[in-house]
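Visitor: Below is structure.csv; it holds CSV, C-alpha atoms.
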```csv
chain,number,residue,atom,x,y,z
R,6,MET,CA,0.0,0.0,0.0
R,7,CYS,CA,2.9,2.4,0.8
R,8,GLY,CA,4.3,1.9,-2.7
R,9,ARG,CA,0.9,2.8,-4.2
R,10,VAL,CA,0.6,6.0,-2.0
R,11,ASP,CA,4.1,7.1,-3.0
R,12,SER,CA,3.3,6.6,-6.7
R,13,LEU,CA,0.2,8.6,-6.4
R,14,THR,CA,2.0,11.4,-4.5
R,15,THR,CA,4.6,11.5,-7.2
R,16,ALA,CA,1.9,11.7,-9.9
R,17,PHE,CA,0.1,14.5,-8.0
R,18,SER,CA,3.2,16.5,-7.4
R,19,SER,CA,4.0,16.5,-11.1
R,20,LEU,CA,0.8,18.2,-12.1
R,21,THR,CA,1.7,21.4,-14.0
R,22,ILE,CA,-0.9,24.2,-14.0
R,23,ALA,CA,-0.7,26.4,-17.1
R,24,GLY,CA,-1.9,30.0,-16.7
R,25,SER,CA,-3.9,32.0,-19.3
R,26,THR,CA,-5.8,35.2,-19.8
R,27,PRO,CA,-9.6,35.7,-19.7
R,28,SER,CA,-9.7,36.5,-23.4
R,29,THR,CA,-9.0,32.9,-24.2
R,30,THR,CA,-11.2,31.3,-21.7
R,31,LYS,CA,-13.4,29.5,-24.3
R,32,THR,CA,-10.3,27.8,-25.8
R,33,ARG,CA,-8.8,26.7,-22.5
R,34,THR,CA,-9.9,23.1,-21.9
R,35,LEU,CA,-8.6,20.3,-19.7
R,36,ARG,CA,-6.8,17.7,-21.7
R,37,ARG,CA,-8.8,14.7,-20.5
R,38,ARG,CA,-10.0,13.0,-23.7
R,39,VAL,CA,-7.0,10.9,-24.6
R,40,SER,CA,-6.8,7.1,-25.1
R,41,ILE,CA,-6.4,4.8,-22.1
R,42,ARG,CA,-2.9,3.9,-23.4
R,43,ASP,CA,-1.8,7.5,-23.5
R,44,LYS,CA,-3.3,8.3,-20.1
R,45,THR,CA,-1.6,5.2,-18.6
R,46,ARG,CA,1.7,6.3,-20.1
R,47,GLN,CA,1.3,9.8,-18.7
R,48,VAL,CA,0.6,8.5,-15.2
R,49,ARG,CA,3.6,6.2,-15.3
R,50,LEU,CA,5.9,9.1,-16.5
R,51,GLY,CA,4.4,11.5,-13.9
R,52,ILE,CA,3.3,14.1,-16.4
R,53,LYS,CA,-0.1,15.7,-16.9
R,54,ALA,CA,-0.6,19.1,-18.5
R,55,ILE,CA,-3.6,21.1,-17.2
R,56,SER,CA,-5.0,24.3,-18.6
R,57,ARG,CA,-7.4,26.3,-16.5
R,58,PRO,CA,-8.8,29.8,-16.2
R,59,LYS,CA,-6.7,32.3,-14.4
R,60,LEU,CA,-7.6,32.7,-10.7
R,61,THR,CA,-9.0,36.3,-10.5
R,62,GLY,CA,-10.1,36.4,-6.9
R,63,ARG,CA,-11.8,34.6,-4.1
R,64,GLY,CA,-15.2,33.4,-4.9
R,65,SER,CA,-14.9,34.5,-8.6
R,66,LYS,CA,-15.9,32.2,-11.5
R,67,GLY,CA,-12.3,31.9,-12.5
R,68,SER,CA,-11.4,30.6,-9.1
R,69,LEU,CA,-14.2,28.0,-9.1
R,70,ALA,CA,-13.3,26.8,-12.6
R,71,GLY,CA,-9.7,26.4,-11.5
R,72,LYS,CA,-10.7,24.3,-8.5
R,73,ARG,CA,-12.8,22.1,-10.6
R,74,ALA,CA,-10.0,21.6,-13.1
R,75,ILE,CA,-7.6,20.5,-10.4
R,76,ARG,CA,-10.2,18.2,-8.9
R,77,ASP,CA,-10.9,16.6,-12.2
R,78,ALA,CA,-7.2,16.2,-12.9
R,79,VAL,CA,-6.7,14.5,-9.5
R,80,GLU,CA,-9.6,12.1,-10.2
R,81,ASP,CA,-8.2,11.3,-13.6
R,82,VAL,CA,-4.8,10.5,-12.1
R,83,ILE,CA,-6.3,8.1,-9.5
R,84,GLU,CA,-8.5,6.4,-12.0
R,85,ASP,CA,-5.7,5.9,-14.5
R,86,TYR,CA,-3.3,4.7,-11.9
R,87,LEU,CA,-5.7,2.1,-10.6
R,88,ARG,CA,-6.4,0.9,-14.2
R,89,ALA,CA,-2.7,0.6,-14.9
R,90,THR,CA,-2.2,-1.6,-11.8
R,91,GLN,CA,-5.1,-3.9,-12.5
R,92,PRO,CA,-4.4,-7.4,-14.0
R,93,ARG,CA,-4.5,-7.3,-17.8
R,94,PRO,CA,-7.9,-8.7,-19.0
R,95,CYS,CA,-7.7,-12.0,-20.8
R,96,CYS,CA,-7.9,-11.4,-24.5
R,97,GLU,CA,-9.8,-14.2,-26.3
R,98,GLU,CA,-7.4,-14.1,-29.2
R,99,ASP,CA,-4.4,-14.6,-26.8
R,100,LEU,CA,-6.3,-17.2,-24.7
R,101,ASP,CA,-6.6,-19.4,-27.8
R,102,LYS,CA,-2.8,-19.8,-27.7
R,103,VAL,CA,-3.0,-21.7,-24.4
R,104,PHE,CA,-6.6,-23.0,-24.1
R,105,ILE,CA,-9.2,-24.2,-26.6
R,106,SER,CA,-12.5,-25.9,-26.0
R,107,ARG,CA,-14.5,-27.4,-28.8
R,108,ARG,CA,-17.3,-29.9,-29.5
R,109,LEU,CA,-16.8,-32.9,-31.8
R,110,GLY,CA,-19.2,-35.2,-33.6
R,111,GLN,CA,-22.3,-34.5,-35.6
R,112,GLN,CA,-24.3,-34.3,-32.4
R,113,LYS,CA,-21.6,-32.2,-30.7
R,114,ALA,CA,-21.7,-34.6,-27.8
R,115,VAL,CA,-17.9,-35.0,-27.4
R,116,LEU,CA,-16.0,-32.3,-25.6
R,117,HIS,CA,-12.3,-31.6,-26.4
R,118,TYR,CA,-10.2,-29.4,-24.2
R,119,THR,CA,-6.6,-28.4,-25.1
R,120,PHE,CA,-4.3,-26.8,-22.5
R,121,GLU,CA,-0.8,-25.6,-23.5
R,122,THR,CA,1.9,-24.3,-21.2
R,123,LYS,CA,3.6,-22.0,-23.6
R,124,ALA,CA,6.3,-19.7,-22.2
R,125,GLU,CA,3.9,-16.8,-22.0
R,126,TRP,CA,0.9,-18.6,-20.6
R,127,ARG,CA,1.0,-16.7,-17.2
R,128,ASP,CA,0.9,-13.4,-19.0
R,129,ILE,CA,-2.2,-14.5,-20.9
R,130,VAL,CA,-4.2,-16.3,-18.3
R,131,SER,CA,-5.1,-14.5,-15.1
R,132,GLN,CA,-6.0,-16.6,-12.0
R,133,GLY,CA,-8.8,-14.2,-11.1
R,134,GLN,CA,-10.4,-14.1,-14.6
R,135,LYS,CA,-9.9,-17.7,-15.8
R,136,PRO,CA,-9.5,-19.8,-12.5
R,137,LYS,CA,-10.4,-23.2,-14.1
R,138,VAL,CA,-7.9,-22.8,-17.0
R,139,HIS,CA,-5.2,-21.3,-14.7
R,140,GLY,CA,-5.6,-24.2,-12.2
R,141,VAL,CA,-4.9,-26.9,-14.8
R,142,LEU,CA,-2.1,-25.0,-16.5
R,143,SER,CA,-0.4,-24.3,-13.2
R,144,LYS,CA,-0.1,-28.1,-12.5
R,145,MET,CA,1.5,-28.8,-15.9
R,146,PRO,CA,5.2,-28.7,-16.7
R,147,LEU,CA,6.4,-26.0,-19.1
R,148,LEU,CA,6.0,-26.6,-22.9
R,149,GLY,CA,3.5,-29.3,-22.4
R,150,LYS,CA,0.1,-30.0,-24.0
R,151,LEU,CA,-2.8,-31.7,-22.4
R,152,ASP,CA,-5.7,-32.9,-24.5
R,153,VAL,CA,-8.8,-34.0,-22.6
R,154,ILE,CA,-11.5,-35.7,-24.6
R,155,VAL,CA,-14.8,-36.2,-22.8
R,156,LEU,CA,-16.7,-39.0,-24.5
R,157,GLY,CA,-19.7,-39.2,-22.3
R,158,ARG,CA,-21.6,-42.1,-20.9
R,159,VAL,CA,-22.9,-43.6,-24.1
R,160,ALA,CA,-19.4,-44.3,-25.6
R,161,LYS,CA,-18.8,-48.0,-26.4
R,162,THR,CA,-15.3,-49.5,-26.0
R,163,THR,CA,-13.8,-52.1,-28.2
R,164,VAL,CA,-10.2,-53.4,-28.4
R,165,VAL,CA,-8.9,-53.9,-32.0
R,166,GLY,CA,-5.6,-55.0,-33.5
R,167,SER,CA,-3.9,-57.0,-36.2
R,168,SER,CA,-3.9,-60.8,-35.8
R,169,GLN,CA,-0.1,-60.6,-36.5
R,170,GLY,CA,0.4,-58.1,-33.7
R,171,LYS,CA,2.0,-55.4,-35.8
R,172,THR,CA,-0.9,-52.9,-36.0
R,173,ASN,CA,-0.8,-49.7,-38.1
R,174,PRO,CA,-3.3,-47.2,-36.6
R,175,HIS,CA,-4.3,-46.0,-40.1
R,176,GLU,CA,-5.8,-49.5,-40.8
R,177,TYR,CA,-8.5,-48.8,-38.2
R,178,GLU,CA,-9.3,-45.3,-39.3
R,179,HIS,CA,-11.1,-46.3,-42.4
R,180,ASP,CA,-14.3,-47.5,-40.7
R,181,ASP,CA,-17.0,-44.9,-41.0
R,182,GLY,CA,-18.7,-43.5,-37.9
R,183,ASN,CA,-17.8,-41.3,-34.9
R,184,TYR,CA,-15.1,-42.6,-32.7
R,185,LEU,CA,-11.9,-41.8,-30.9
R,186,LEU,CA,-8.9,-44.1,-31.7
R,187,THR,CA,-6.1,-44.6,-29.2
R,188,ASN,CA,-3.3,-47.1,-28.5
R,189,GLY,CA,-3.4,-49.1,-25.3
R,190,GLY,CA,-1.5,-51.7,-23.4
R,191,PHE,CA,2.2,-52.5,-23.2
R,192,PHE,CA,4.0,-54.7,-25.7
R,193,VAL,CA,7.5,-55.9,-26.5
R,194,THR,CA,9.6,-53.8,-28.9
R,195,ALA,CA,13.0,-54.5,-30.3
R,196,PRO,CA,16.0,-52.1,-30.2
R,197,LYS,CA,16.5,-50.0,-33.4
R,198,ALA,CA,19.5,-50.7,-35.5
R,199,HIS,CA,21.4,-47.6,-34.2
R,200,GLU,CA,20.8,-48.5,-30.5
R,201,LYS,CA,23.7,-50.2,-29.0
R,202,ARG,CA,22.2,-52.1,-26.1
R,203,PRO,CA,21.4,-55.8,-25.3
R,204,CYS,CA,18.4,-57.2,-27.1
R,205,THR,CA,17.0,-58.9,-24.0
R,206,LEU,CA,14.4,-58.2,-21.3
R,207,LYS,CA,13.4,-60.1,-18.1
R,208,VAL,CA,10.0,-61.5,-17.6
R,209,ASP,CA,10.3,-60.6,-13.9
R,210,TRP,CA,12.9,-59.6,-11.4
R,211,ASP,CA,14.0,-63.1,-10.8
R,212,GLY,CA,12.8,-64.4,-14.2
R,213,ASP,CA,14.5,-65.5,-17.3
R,214,ARG,CA,15.7,-63.2,-20.1
R,215,PHE,CA,14.3,-63.5,-23.6
R,216,ASP,CA,15.2,-62.2,-27.0
R,217,GLN,CA,13.2,-59.1,-27.9
R,218,GLU,CA,13.6,-59.6,-31.6
R,219,GLU,CA,12.0,-63.0,-31.5
R,220,CYS,CA,9.1,-61.8,-29.3
R,221,LYS,CA,8.3,-58.4,-31.0
R,222,PHE,CA,4.8,-57.2,-30.4
R,223,TYR,CA,4.0,-59.8,-27.7
R,224,SER,CA,1.6,-58.0,-25.4
R,225,VAL,CA,2.2,-57.7,-21.7
R,226,GLY,CA,-0.8,-59.5,-20.2
R,227,PRO,CA,-3.5,-61.2,-22.3
R,228,ALA,CA,-5.4,-59.3,-25.0
R,229,SER,CA,-8.2,-60.3,-27.3
R,230,SER,CA,-6.6,-59.1,-30.5
R,231,TRP,CA,-4.0,-61.9,-30.8
R,232,PRO,CA,-2.8,-64.9,-28.8
R,233,ASN,CA,0.9,-64.1,-28.2
R,234,PHE,CA,1.5,-62.5,-24.8
R,235,PHE,CA,3.7,-62.6,-21.7
R,236,PRO,CA,2.0,-63.0,-18.3
R,237,ILE,CA,1.9,-59.8,-16.2
R,238,PRO,CA,5.0,-59.8,-14.0
R,239,SER,CA,4.0,-61.0,-10.5
R,240,SER,CA,6.1,-58.1,-9.0
R,241,GLN,CA,3.8,-55.6,-10.9
R,242,GLY,CA,0.5,-57.4,-10.8
R,243,GLN,CA,-1.1,-55.1,-8.3
R,244,TYR,CA,-0.7,-52.1,-10.7
R,245,TYR,CA,-2.4,-53.7,-13.7
R,246,GLN,CA,-6.1,-53.6,-14.6
R,247,GLU,CA,-8.2,-55.0,-17.4
R,248,ILE,CA,-10.1,-52.9,-19.8
R,249,LYS,CA,-13.1,-54.7,-21.2
R,250,GLY,CA,-15.3,-53.6,-24.1
R,251,GLU,CA,-19.0,-54.0,-24.3
R,252,ASP,CA,-18.4,-56.5,-27.1
R,253,GLY,CA,-16.2,-58.7,-24.9
R,254,THR,CA,-12.8,-57.5,-26.3
R,255,PHE,CA,-10.1,-56.8,-23.7
R,256,LEU,CA,-6.6,-55.9,-22.8
R,257,SER,CA,-4.5,-55.2,-19.7
R,258,ALA,CA,-2.7,-51.9,-18.8
R,259,GLY,CA,-1.2,-50.1,-15.9
R,260,PRO,CA,-0.5,-48.6,-13.5
R,261,THR,CA,-3.8,-47.6,-12.0
R,262,ILE,CA,-3.5,-44.1,-10.4
R,263,LYS,CA,-6.7,-43.7,-8.4
R,264,GLU,CA,-4.3,-43.5,-5.4
R,265,PRO,CA,-0.8,-41.9,-5.4
R,266,LEU,CA,2.0,-44.3,-6.2
R,267,ASP,CA,5.1,-44.9,-4.1
R,268,LEU,CA,7.6,-44.1,-6.8
R,269,SER,CA,10.5,-45.2,-4.6
R,270,ARG,CA,9.5,-48.8,-5.0
R,271,ARG,CA,11.8,-50.9,-7.2
R,272,GLU,CA,9.1,-52.1,-9.6
R,273,LEU,CA,8.1,-48.5,-10.4
R,274,LYS,CA,11.5,-47.2,-11.5
R,275,TRP,CA,14.0,-48.0,-14.2
R,276,GLU,CA,17.2,-49.5,-13.0
R,277,PRO,CA,20.2,-49.8,-15.4
R,278,PRO,CA,21.6,-51.7,-17.1
R,279,TYR,CA,18.9,-52.1,-19.7
R,280,CYS,CA,19.1,-55.9,-19.7
R,281,ASN,CA,17.7,-55.9,-16.1
R,282,VAL,CA,14.5,-54.1,-17.2
R,283,VAL,CA,11.3,-56.1,-16.6
R,284,ILE,CA,8.8,-56.2,-19.5
R,285,GLY,CA,6.0,-53.6,-19.6
R,286,GLY,CA,6.0,-49.9,-19.0
R,287,VAL,CA,5.1,-49.8,-15.3
R,288,HIS,CA,8.8,-49.4,-14.4
R,289,THR,CA,8.7,-46.0,-16.1
R,290,SER,CA,6.2,-44.6,-13.6
R,291,GLY,CA,8.9,-42.6,-11.8
R,292,ASP,CA,10.4,-41.1,-14.9
R,293,PRO,CA,9.3,-38.0,-16.8
R,294,ASN,CA,7.4,-39.1,-19.8
R,295,GLU,CA,4.4,-38.4,-22.0
R,296,ARG,CA,1.2,-40.1,-20.8
R,297,LEU,CA,-2.1,-41.5,-22.0
R,298,VAL,CA,-4.7,-42.2,-19.3
R,299,HIS,CA,-8.3,-43.5,-19.4
R,300,VAL,CA,-10.7,-42.3,-16.7
R,301,ILE,CA,-14.3,-43.4,-16.0
R,302,LEU,CA,-16.3,-41.2,-13.7
R,303,PRO,CA,-18.8,-42.5,-11.1
R,304,ASP,CA,-21.7,-41.8,-13.5
R,305,GLY,CA,-20.0,-43.8,-16.3
R,306,THR,CA,-18.6,-40.8,-18.3
R,307,LYS,CA,-15.5,-41.9,-20.2
R,308,ILE,CA,-12.6,-39.4,-20.5
R,309,ILE,CA,-9.2,-39.7,-22.2
R,310,PHE,CA,-6.3,-37.6,-21.0
R,311,VAL,CA,-3.2,-37.4,-23.2
R,312,TYR,CA,-0.1,-35.4,-22.2
R,313,THR,CA,2.6,-34.7,-24.8
R,314,CYS,CA,5.4,-32.2,-24.7
R,315,ALA,CA,8.4,-30.6,-26.6
R,316,ASN,CA,10.8,-33.0,-24.9
R,317,ARG,CA,9.6,-35.8,-22.8
R,318,PHE,CA,12.9,-36.1,-20.9
R,319,LEU,CA,12.8,-32.5,-19.9
R,320,TYR,CA,9.1,-31.6,-19.7
R,321,GLY,CA,7.5,-35.0,-19.2
R,322,CYS,CA,5.4,-36.1,-16.1
R,323,ASP,CA,6.0,-39.0,-13.8
R,324,MET,CA,2.8,-40.8,-12.9
R,325,ASN,CA,2.1,-38.9,-9.7
R,326,LYS,CA,2.5,-35.6,-11.6
R,327,MET,CA,0.1,-36.8,-14.3
R,328,ARG,CA,-2.3,-37.9,-11.5
R,329,GLY,CA,-2.2,-34.4,-10.0
R,330,ILE,CA,-3.0,-32.8,-13.3
R,331,ILE,CA,-6.0,-35.1,-13.9
R,332,ASP,CA,-7.2,-34.7,-10.3
R,333,THR,CA,-7.2,-30.9,-10.7
R,334,PHE,CA,-9.2,-31.1,-13.9
R,335,LEU,CA,-11.7,-33.5,-12.5
R,336,GLN,CA,-12.3,-31.5,-9.3
R,337,THR,CA,-12.4,-28.2,-11.3
R,338,TYR,CA,-14.7,-29.2,-14.1
R,339,TYR,CA,-16.6,-32.2,-12.6
R,340,LYS,CA,-16.3,-31.7,-8.9
R,341,THR,CA,-15.0,-35.3,-8.6
R,342,PRO,CA,-11.6,-36.3,-7.2
R,343,ILE,CA,-9.7,-38.9,-9.0
R,344,ALA,CA,-9.9,-41.2,-6.0
R,345,LYS,CA,-13.7,-41.4,-6.5
R,346,THR,CA,-13.6,-42.5,-10.1
R,347,GLN,CA,-14.5,-46.0,-11.3
R,348,MET,CA,-11.2,-46.2,-13.2
R,349,ALA,CA,-8.1,-44.1,-13.7
R,350,LEU,CA,-5.7,-46.2,-15.7
R,351,ASN,CA,-2.5,-45.5,-17.6
R,352,LEU,CA,-2.8,-46.9,-21.1
R,353,ASP,CA,0.7,-46.2,-22.4
R,354,GLY,CA,3.2,-43.5,-22.9
R,355,GLY,CA,6.1,-42.0,-24.9
R,356,SER,CA,6.5,-42.7,-28.6
R,357,SER,CA,3.6,-45.2,-28.7
R,358,ILE,CA,1.0,-42.6,-28.0
R,359,TYR,CA,-1.5,-42.1,-30.9
R,360,VAL,CA,-4.9,-40.4,-30.5
R,361,SER,CA,-7.1,-39.5,-33.4
R,362,TRP,CA,-10.8,-38.5,-34.0
R,363,LYS,CA,-12.9,-39.9,-36.8
R,364,GLU,CA,-16.2,-38.2,-37.7
R,365,ARG,CA,-18.7,-39.9,-40.0
R,366,GLY,CA,-18.2,-38.8,-43.6
R,367,ARG,CA,-14.9,-37.0,-42.9
R,368,ARG,CA,-11.2,-37.8,-42.7
R,369,PRO,CA,-9.7,-38.7,-39.3
R,370,ARG,CA,-8.1,-35.8,-37.5
R,371,LEU,CA,-4.9,-36.4,-35.4
R,372,ILE,CA,-5.1,-35.1,-31.8
R,373,ALA,CA,-1.9,-36.2,-30.2
R,374,VAL,CA,1.2,-38.3,-31.0
R,375,GLY,CA,4.0,-39.2,-28.6
R,376,SER,CA,7.6,-38.0,-29.0
R,377,LEU,CA,6.7,-35.8,-32.0
R,378,GLU,CA,8.3,-32.6,-30.5
R,379,THR,CA,6.6,-30.5,-33.2
R,380,LYS,CA,3.1,-29.2,-33.9
R,381,VAL,CA,0.7,-32.1,-34.5
R,382,PRO,CA,0.0,-32.4,-38.2
R,383,LEU,CA,-3.5,-33.2,-39.5
R,384,ARG,CA,-2.3,-36.7,-40.4
R,385,LEU,CA,0.9,-38.7,-39.6
R,386,LYS,CA,2.3,-40.4,-42.6
R,387,HIS,CA,4.1,-43.3,-40.8
R,388,PRO,CA,2.7,-43.8,-37.3
R,389,LYS,CA,4.4,-46.2,-34.9
R,390,ARG,CA,3.1,-49.7,-35.1
R,391,VAL,CA,1.7,-51.1,-31.9
R,392,THR,CA,0.0,-54.3,-30.7
R,393,ASN,CA,-3.4,-53.0,-29.5
R,394,LEU,CA,-5.7,-50.1,-30.3
R,395,ILE,CA,-8.9,-49.0,-28.5
R,396,LYS,CA,-11.9,-47.5,-30.2
R,397,PHE,CA,-14.4,-45.4,-28.2
R,398,ILE,CA,-17.5,-45.3,-30.4
R,399,VAL,CA,-20.0,-42.5,-29.8
```
Show this structure as structure tokens.
Guide:
Amino acid sequence: MCGRVDSLTTAFSSLTIAGSTPSTTKTRTLRRRVSIRDKTRQVRLGIKAISRPKLTGRGSKGSLAGKRAIRDAVEDVIEDYLRATQPRPCCEEDLDKVFISRRLGQQKAVLHYTFETKAEWRDIVSQGQKPKVHGVLSKMPLLGKLDVIVLGRVAKTTVVGSSQGKTNPHEYEHDDGNYLLTNGGFFVTAPKAHEKRPCTLKVDWDGDRFDQEECKFYSVGPASSWPNFFPIPSSQGQYYQEIKGEDGTFLSAGPTIKEPLDLSRRELKWEPPYCNVVIGGVHTSGDPNERLVHVILPDGTKIIFVYTCANRFLYGCDMNKMRGIIDTFLQTYYKTPIAKTQMALNLDGGSSIYVSWKERGRRPRLIAVGSLETKVPLRLKHPKRVTNLIKFIV
């Protein structure tokens, strides 16, 4: 408050009264009609020019006019100073840079929110003016993007995939209809040619090693799309949960994040060397990464959360961080804590992430891709092949 009083005192003390003669009274006016920007600049610089009638004596008209001029000038300074110190209003054009909400589908029944923590987001979003948006953005790492797709209660779930295990997402975007397509479930991948590391994984902490090249695309846990899979490691079994479609299709994924995870536990963190890594992605829970999570609210509403970023190693989320972002969104927009949901399950993460929207009679539109590190294109020419995909049909 002292700082504000000092600033006002400085502004008042800098008022300059310009004298004049009675013959020019009609042309003497108070310079008040200027733009807000000019007025704010004048206040900050401590300059304000005032022209008033010459004071000709006590009780005279000139004296009264002069007093009114000074009073009006002081009121202007106070008003302009307060305006200059108020938070800048959210501009809708600027807001679109960090937050967008839209409806998808012919019936507009699907809600799609996008939150982006660009470097200037705090200058754009005021906590007092956009508390919901500010609350979610403040939980996210810098240079991250969160897409939230609210599918509603009527969405039907089905697990799809190639009978050979090597599934190209484009193969399942040709079906007409309204649906969201995502990847889901862990599977075995082989090192790329340029990666100099052992081509083996362990089936469990005390289990045998196996050759990744021979077991490519084997799912971790059973799935309905094809018969080749590794059993869920017993050391990680408590973190897995099955997703089952209304048509009887299914897959397993994890970890479940209804409750916070103890990320210090051995099974939730990566331990070098690579050949000691246990199959599945649960061991990446404590590392920064991009995330794909499926949530079902108590009333049956299905929601997909997908977090991607400029660099997953620098701006990624561990599972508890992702849980906190989702919890903030749910409590802000649906007044439901994540702990009260029917399901809050991590589907996958990193470079495997693929989320697209298909609307009847139109081409599919890409929403998010993992490890892209650039602006999402309308369509990805060569998406990563995975084992299982999930369709949410609305």
Visitor: Could you check the closest approach to Thr194 of chain R for each of R:Ala74, R:Ala228, R:Leu109, R:Val391 and tell me which residue wins, using all atoms listed in the file?
Guide: R:Val391
Visitor: Would you list the residues near (-14.8, -29.8, -29.9), meaning any protein, DNA or RNA residue with an atom at most 10 Å from that point in file coordinates, counting all atoms listed in the file, as a list in words?
Guide: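 Every polymer residue passing the test: Ile105, Ser106, Arg107, Arg108, Leu109, Gly110, Lys113, Ala114, Val115, Leu116, His117, Tyr118, Thr119, Ile154 and Val155 of chain R.
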Visitor: If I take atom CA of Asp213 of chain R and atom CA of Pro238 of chain R, how far is one from the other in Å, to one decimal?
Guide: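 Straight-line distance from atom CA of Asp213 of chain R to atom CA of Pro238 of chain R works out to 11.6 Å.
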Visitor: So how many Å separate atom CA of Lys161 of chain R and atom CA of Ile395 of chain R, to one decimal?
Guide: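 So the answer is 10.2 Å.
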Visitor: Determine the nearest neighbour of Phe191 of chain R from the options R:Val138, R:Ala258, R:Leu302, R:Cys220, counting only C-alpha atoms.
Guide: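 Closest to Phe191 of chain R, using only C-alpha atoms: R:Ala258.
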Visitor: Using all atoms listed in the file, give me every residue within 6 Å of (-12.3, -41.9, -25.1) in file coordinates, as an MDAnalysis selection string.
Guide: chainID R and resid 156 185 307:309 397
Visitor: Restrict the selected residues to C-alpha atoms and save them as a CSV table (one decimal), in the frame of the given file.
Guide:
```
chain,number,residue,atom,x,y,z
R,156,LEU,CA,-16.7,-39.0,-24.5
R,185,LEU,CA,-11.9,-41.8,-30.9
R,307,LYS,CA,-15.5,-41.9,-20.2
R,308,ILE,CA,-12.6,-39.4,-20.5
R,309,ILE,CA,-9.2,-39.7,-22.2
R,397,PHE,CA,-14.4,-45.4,-28.2
```
Visitor: Let me make sure I understand: among R:Val103, R:Leu394, R:Ile372, R:Ile129, which one has the smallest atom-to-atom distance to Leu352 of chain R if we use only C-alpha atoms?
Guide: R:Leu394
Visitor: I want to know what sits within 12 Å of Leu319 of chain R, based on only C-alpha atoms, with residues of the same chain fewer than 3 positions away left out; could you give that as a list in words?
Guide: Pro146, Leu147, Leu148, Gly149, Asp292, Pro293, Asn294, Glu295, Thr313, Cys314, Ala315, Asn316, Cys322, Asp323, Ser376 and Glu378 of chain R
Visitor: What's the 9 Å shell around Ser357 of chain R, counting all atoms listed in the file, without same-chain residues fewer than 2 positions away, as a list in words?
Guide: Asn188, Gly189, Asp353, Gly354, Gly355, Tyr359, Val374, Gly375, Ser376, Pro388, Lys389, Arg390 and Val391 of chain R
Visitor: Give me, as a list in words, all polymer residues having an atom no more than 9 Å from segment 229-232 of chain R, counting only C-alpha atoms and skipping those fewer than 4 positions away in the same chain.
Guide: Val164, Val165, Gly166, Ser167, Ser168, Gln169, Gly170, Tyr223, Ser224, Gly253, Thr254, Phe255, Leu256, Thr392 and Asn393 of chain R
Visitor: Give me the residues near Val360 of chain R as a list of chain:residue names, where near means some atom within 6 Å (using only C-alpha atoms) and where sequence neighbours in that chain fewer than 6 positions away do not count.
Guide: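 Near Val360 of chain R, the qualifying residues are R:Leu186, R:Thr187, R:Ile372, R:Ala373.
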Visitor: What is the distance between atom CA of Gly226 of chain R and atom CA of Ala195 of chain R, in Å to one decimal?
Guide: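 Atom-to-atom, atom CA of Gly226 of chain R and atom CA of Ala195 of chain R are spaced 17.8 Å apart.
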Visitor: Applying 12 Å and all atoms listed in the file, which residues near Gln112 of chain R remain after dropping the ones on its own chain fewer than 5 positions away? List them as a PDB file with C-alpha atoms, in the coordinates of the input.
Guide:
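Result file follows (out.pdb):
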```
ATOM      1  CA  LEU R 156     -16.700 -39.000 -24.500  1.00  0.00           C
ATOM      2  CA  ASN R 183     -17.800 -41.300 -34.900  1.00  0.00           C
ATOM      3  CA  GLU R 364     -16.200 -38.200 -37.700  1.00  0.00           C
ATOM      4  CA  ARG R 365     -18.700 -39.900 -40.000  1.00  0.00           C
ATOM      5  CA  VAL R 399     -20.000 -42.500 -29.800  1.00  0.00           C
TER       6      VAL R 399
END
```
Visitor: With distances taken over only C-alpha atoms, which residue among R:Glu176, R:Asp152, R:Glu121, R:Asp211 lies nearest Arg296 of chain R?
Guide: R:Asp152
Visitor: Using all atoms listed in the file, find the one residue out of R:His387, R:Gly291, R:Ser269, R:Thr333 that sits nearest to Thr172 of chain R.
Guide: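 Nearest to Thr172 of chain R: R:His387.
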Visitor: Quick one: of R:Thr337, R:Val153, R:Phe318, R:Asp267, who's nearest to Ser356 of chain R, counting all atoms listed in the file?
Guide: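 Selected residue with least distance to Ser356 of chain R: R:Phe318.
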Visitor: Need the axis-aligned box for segment 162-165 of chain R with 8 Å each side, so what are the centre and edges in Å to one decimal, as JSON?
Guide:
```
{"center_x": -12.1, "center_y": -51.7, "center_z": -29.0, "size_x": 22.4, "size_y": 20.4, "size_z": 22.0}
```
